[in-house]
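Novice: Handing you a structure now.
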Amino acid sequence: MATVEKPPQETKDTLLGATPGKGNPGHAARVLVDSQHVHYRAGSAAYWLRYTMGDTGPNFRVNAVDHLRGSEGPVGGTLLESLGATKATSRRTDGSQRVYAADMPRSAAAQLFPNDLGRKLPAFSPAGSSAENTPLPTTVSVDGRGRVTHVRADLSTILGSKGTAFEDMTSLTIDLRLSGHDTSKPTAKPDGTVRPAAEAVRSVGSVKPGGCFDFDTGQRLLDTVVGVPCSDAHDARLFAQRTLGTSPYPGKEAAREKAAAACSAAYDTAPGSWTSEADRPGDHWFMWSSQDEWDESGGAVSCFVITSRGTDD
């Protein structure tokens with residue numbers, strides 16, 4: 001459990017991702033991890049997404065789902081992944097438990113974060129800095145049989161990097177509590193519909209006009225969505241895909257203005273059966289090419305309406 005008090009919106013967007021009209025995705029989600037797959041079910045979804053190795057490769061630019069596969073433990077991103085490199089510095093007895101003060105190398109802490117977060121919340125200090133080799137204070141509790149029951153790590157010293165979403169954060173701790181030792185491995189399986197992520201998860205730019213989609217893919221990519229049948233409940237419906245030219249990238253504001261104008265014109269001629277699904281009549285949303293995408297293959301914009309299911313209301 002990571003703890004932080006009232007994080008700025010930019011921090012929340014970085015940690016949780018953001019969606020048009022909906023803000024940060026809901027915290028309610030279910031995840032099942034085994035040696036072959038990661039199954040993810042958003043709180044609002046009636047289906048599971050089944051990710052296999054490689055489904056979140058270079059095309060998706062992040063490893064938020066693959067990161068859930070553990071190497072030292074069954075689930076990744078927990079302090080179990082860093083415990084093997086942590087060295088005890090002192091010990092005390094607390095009832096039937098032994099409590100160790102320990103040092104966690106910063107290189108081990110890097111395993112706690114998916115690569116996109118690691119770049120913004122670096123576990124390493126810049127080369128040559130005085131804090132480069134400073135370990136992170138950690139507490140490890142074990143029971144009378146030597147089984148780990150609690151690990152707590154203070155990562156506060158990796159915060160504060162200038163120009164990042166975490167610049168104003170001053171404290172970050174991670175707690176791990178373990179129970180149920182010696183029990184059989186979990187047997188939970190996805191209930192209901194299971195959809196292969198390789199088929200269902202796509203870029204919003206690949207959705208055809210009239211197509212419907214959900215926002216929550218289990219990743220933090222704004223322009224990656226789950227294609228769903230329009231006969232099922234859905235977050236949004238796409239009414240147009242438009243190109244914005246192959247000229248050099250015009251700058252952030254000019255690119256946004258081009259995208260807005262293209263979607264406004266497309267909205268006026270789109271089928272009413274599509275646009276009438278908007279939660280707020282007349283409202284529409286759009287996502288457009290980044291500078292890198294624009295420079296590589298020209299500008300494009302995806303235009304869509306958000307349904308009542310896709311909003312916070």
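Every chain in the structure tokens takes a letter, A first, then B, and so on in the order presented; its residues are numbered from 1, and the ligands are numbered from 1 following the presented order.
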Going by DSSP on the backbone, which residues of segment 53-217 of chain A come out as alpha helix (DSSP H)? List them as a PyMOL selection string.
Specialist: chain A and resi 80-83+106-109+115-120+197-200
Novice: Pull the strand (DSSP E or B) assignments for segment 142-202 of chain A out of DSSP run on the backbone, and list those residues as a PyMOL selection string.
Specialist: chain A and resi 142+148-154+173-177+193-196+201-202
Novice: So that each row is one residue of segment 193-215 of chain A with an atom at most 10 Å from segment 45-53 of chain A, can you give its shortest atom pair and the distance in Å to one decimal, using only C-alpha atoms, rows by chain and rising number, as a tab-separated table?
Specialist:
residue	atom	partner	partner_atom	distance
A:Thr193	CA	A:Tyr47	CA	4.8
A:Val194	CA	A:Trp48	CA	4.6
A:Arg195	CA	A:Leu49	CA	5.0
A:Pro196	CA	A:Arg50	CA	4.8
A:Ala197	CA	A:Tyr51	CA	5.3
A:Ala198	CA	A:Tyr51	CA	7.2
A:Glu199	CA	A:Leu49	CA	9.7
A:Ala200	CA	A:Leu49	CA	7.8
A:Val201	CA	A:Leu49	CA	8.5
A:Asp214	CA	A:Ala45	CA	8.4
Novice: Might you pull out every residue within 12 Å of Arg202 of chain A, with only C-alpha atoms counted and same-chain residues fewer than 3 positions away left off, and present them as an MDAnalysis selection string?
Specialist: chainID A and resid 55:56 59:60 196:199 205:208 212:217 219 221:228
Novice: Which of these, A:Gly218, A:Gly272, A:Pro209, A:Pro114, has the shortest distance to Val301 of chain A once you count only C-alpha atoms?
Specialist: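 Of A:Gly218, A:Gly272, A:Pro209, A:Pro114, the one nearest Val301 of chain A, counting only C-alpha atoms, is A:Pro209.
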Novice: Considering only C-alpha atoms, state which residue in the set A:Ser35, A:Ala240, A:Ala42, A:Asp268 is at the smallest distance from Pro74 of chain A.
Specialist: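 The answer is A:Ser35, which sits nearest to Pro74 of chain A.
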Novice: Excluding same-chain residues fewer than 2 positions from Gly77 of chain A, what lies within 10 Å of it counting only C-alpha atoms, as a list of chain:residue names?
Specialist: A:Ala64, A:His67, A:Leu68, A:Arg69, A:Gly70, A:Ser71, A:Gly73, A:Val75, A:Leu79, A:Leu80, A:Glu81, A:Ser82, A:Ala109, A:Ala110, A:Gln111, A:Leu112, A:Phe113, A:Pro114
Novice: Quick one: pull the distance between atom CA of Arg309 of chain A and atom CA of Ser290 of chain A, Å, one decimal.
Specialist: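 A separation of 27.3 Å between them.
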Novice: Counting only C-alpha atoms, which residue out of A:Ala262, A:Val148, A:Ala233, A:Leu172 sits closest to Ile306 of chain A?
Specialist: A:Ala233
Novice: Mind checking which residues fall within 9 Å of Asp143 of chain A, counting only C-alpha atoms, ignoring those fewer than 6 positions away in the same chain, and posting them as a list of chain:residue names?
Specialist: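 Near Asp143 of chain A, the qualifying residues are A:Ser96, A:Gln97, A:Arg98, A:Val99, A:Thr149.
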Novice: Any chance you can output those residues with N, CA and C atoms as an mmCIF file, in the first residue's frame?
Specialist:
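Everything below was put into result-v3.cif:
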data_model
loop_
_atom_site.group_PDB
_atom_site.id
_atom_site.type_symbol
_atom_site.label_atom_id
_atom_site.label_comp_id
_atom_site.auth_asym_id
_atom_site.auth_seq_id
_atom_site.Cartn_x
_atom_site.Cartn_y
_atom_site.Cartn_z
ATOM 1 N N SER A 96 6.321 -12.563 19.934
ATOM 2 C CA SER A 96 6.788 -13.765 19.245
ATOM 3 C C SER A 96 7.455 -13.447 17.914
ATOM 4 N N GLN A 97 7.507 -12.171 17.568
ATOM 5 C CA GLN A 97 8.079 -11.787 16.284
ATOM 6 C C GLN A 97 9.468 -11.176 16.443
ATOM 7 N N ARG A 98 10.244 -11.275 15.370
ATOM 8 C CA ARG A 98 11.512 -10.567 15.275
ATOM 9 C C ARG A 98 11.342 -9.449 14.254
ATOM 10 N N VAL A 99 11.812 -8.279 14.597
ATOM 11 C CA VAL A 99 11.679 -7.116 13.730
ATOM 12 C C VAL A 99 13.076 -6.633 13.364
ATOM 13 N N THR A 149 6.011 -11.554 7.757
ATOM 14 C CA THR A 149 4.622 -11.144 7.982
ATOM 15 C C THR A 149 4.364 -9.694 7.599
#
Novice: Which residues are near Arg30 of chain A? Cut-off 9 Å, only C-alpha atoms, ignore same chain within fewer than 2 positions. Put them as a PDB file with all heavy atoms, in the first residue's frame.
Specialist:
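New file selection.pdb:
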ATOM      1  N   ALA A  28     -11.894   0.574  -8.195  1.00  0.00           N
ATOM      2  CA  ALA A  28     -12.408  -0.782  -8.056  1.00  0.00           C
ATOM      3  C   ALA A  28     -12.066  -1.595  -9.298  1.00  0.00           C
ATOM      4  O   ALA A  28     -12.553  -1.328 -10.385  1.00  0.00           O
ATOM      5  CB  ALA A  28     -13.917  -0.749  -7.839  1.00  0.00           C
ATOM      6  N   LEU A  32      -6.314 -11.107 -11.508  1.00  0.00           N
ATOM      7  CA  LEU A  32      -5.888 -12.472 -11.224  1.00  0.00           C
ATOM      8  C   LEU A  32      -4.597 -12.727 -11.989  1.00  0.00           C
ATOM      9  O   LEU A  32      -4.528 -12.481 -13.197  1.00  0.00           O
ATOM     10  CB  LEU A  32      -6.960 -13.479 -11.655  1.00  0.00           C
ATOM     11  CG  LEU A  32      -8.311 -13.400 -10.932  1.00  0.00           C
ATOM     12  CD1 LEU A  32      -9.302 -14.380 -11.557  1.00  0.00           C
ATOM     13  CD2 LEU A  32      -8.145 -13.697  -9.446  1.00  0.00           C
ATOM     14  N   HIS A  39      -5.275 -11.587 -15.725  1.00  0.00           N
ATOM     15  CA  HIS A  39      -6.664 -11.250 -16.027  1.00  0.00           C
ATOM     16  C   HIS A  39      -7.023  -9.967 -15.293  1.00  0.00           C
ATOM     17  O   HIS A  39      -6.756  -9.839 -14.094  1.00  0.00           O
ATOM     18  CB  HIS A  39      -7.607 -12.370 -15.595  1.00  0.00           C
ATOM     19  CG  HIS A  39      -7.523 -13.594 -16.457  1.00  0.00           C
ATOM     20  ND1 HIS A  39      -6.675 -14.642 -16.183  1.00  0.00           N
ATOM     21  CD2 HIS A  39      -8.184 -13.920 -17.599  1.00  0.00           C
ATOM     22  CE1 HIS A  39      -6.810 -15.571 -17.112  1.00  0.00           C
ATOM     23  NE2 HIS A  39      -7.719 -15.164 -17.983  1.00  0.00           N
ATOM     24  N   TYR A  40      -7.629  -9.040 -16.023  1.00  0.00           N
ATOM     25  CA  TYR A  40      -7.979  -7.739 -15.451  1.00  0.00           C
ATOM     26  C   TYR A  40      -9.455  -7.455 -15.721  1.00  0.00           C
ATOM     27  O   TYR A  40      -9.936  -7.620 -16.845  1.00  0.00           O
ATOM     28  CB  TYR A  40      -7.127  -6.632 -16.080  1.00  0.00           C
ATOM     29  CG  TYR A  40      -7.497  -5.240 -15.596  1.00  0.00           C
ATOM     30  CD1 TYR A  40      -6.963  -4.745 -14.413  1.00  0.00           C
ATOM     31  CD2 TYR A  40      -8.385  -4.440 -16.312  1.00  0.00           C
ATOM     32  CE1 TYR A  40      -7.308  -3.479 -13.951  1.00  0.00           C
ATOM     33  CE2 TYR A  40      -8.731  -3.174 -15.853  1.00  0.00           C
ATOM     34  CZ  TYR A  40      -8.194  -2.702 -14.676  1.00  0.00           C
ATOM     35  OH  TYR A  40      -8.540  -1.454 -14.213  1.00  0.00           O
ATOM     36  N   ARG A  41     -10.158  -7.019 -14.670  1.00  0.00           N
ATOM     37  CA  ARG A  41     -11.565  -6.646 -14.826  1.00  0.00           C
ATOM     38  C   ARG A  41     -11.806  -5.299 -14.170  1.00  0.00           C
ATOM     39  O   ARG A  41     -11.668  -5.147 -12.954  1.00  0.00           O
ATOM     40  CB  ARG A  41     -12.484  -7.695 -14.206  1.00  0.00           C
ATOM     41  CG  ARG A  41     -13.970  -7.378 -14.394  1.00  0.00           C
ATOM     42  CD  ARG A  41     -14.843  -8.538 -13.980  1.00  0.00           C
ATOM     43  NE  ARG A  41     -16.255  -8.247 -14.165  1.00  0.00           N
ATOM     44  CZ  ARG A  41     -17.231  -9.148 -14.027  1.00  0.00           C
ATOM     45  NH1 ARG A  41     -16.927 -10.400 -13.710  1.00  0.00           N
ATOM     46  NH2 ARG A  41     -18.490  -8.808 -14.209  1.00  0.00           N
ATOM     47  N   ALA A  42     -12.130  -4.305 -14.981  1.00  0.00           N
ATOM     48  CA  ALA A  42     -12.444  -2.978 -14.457  1.00  0.00           C
ATOM     49  C   ALA A  42     -13.717  -3.047 -13.631  1.00  0.00           C
ATOM     50  O   ALA A  42     -14.585  -3.901 -13.862  1.00  0.00           O
ATOM     51  CB  ALA A  42     -12.611  -1.992 -15.604  1.00  0.00           C
ATOM     52  N   GLY A  43     -13.839  -2.133 -12.680  1.00  0.00           N
ATOM     53  CA  GLY A  43     -14.993  -2.155 -11.800  1.00  0.00           C
ATOM     54  C   GLY A  43     -16.315  -2.022 -12.520  1.00  0.00           C
ATOM     55  O   GLY A  43     -17.335  -2.564 -12.083  1.00  0.00           O
ATOM     56  N   TRP A  48     -13.755  -9.790 -18.439  1.00  0.00           N
ATOM     57  CA  TRP A  48     -12.346  -9.799 -18.071  1.00  0.00           C
ATOM     58  C   TRP A  48     -11.507  -9.613 -19.330  1.00  0.00           C
ATOM     59  O   TRP A  48     -11.887 -10.082 -20.404  1.00  0.00           O
ATOM     60  CB  TRP A  48     -11.952 -11.128 -17.432  1.00  0.00           C
ATOM     61  CG  TRP A  48     -12.536 -11.396 -16.088  1.00  0.00           C
ATOM     62  CD1 TRP A  48     -13.779 -11.890 -15.812  1.00  0.00           C
ATOM     63  CD2 TRP A  48     -11.886 -11.215 -14.826  1.00  0.00           C
ATOM     64  NE1 TRP A  48     -13.953 -12.022 -14.458  1.00  0.00           N
ATOM     65  CE2 TRP A  48     -12.803 -11.622 -13.827  1.00  0.00           C
ATOM     66  CE3 TRP A  48     -10.628 -10.760 -14.437  1.00  0.00           C
ATOM     67  CZ2 TRP A  48     -12.494 -11.577 -12.474  1.00  0.00           C
ATOM     68  CZ3 TRP A  48     -10.316 -10.717 -13.092  1.00  0.00           C
ATOM     69  CH2 TRP A  48     -11.236 -11.119 -12.121  1.00  0.00           C
TER      70      TRP A  48
END
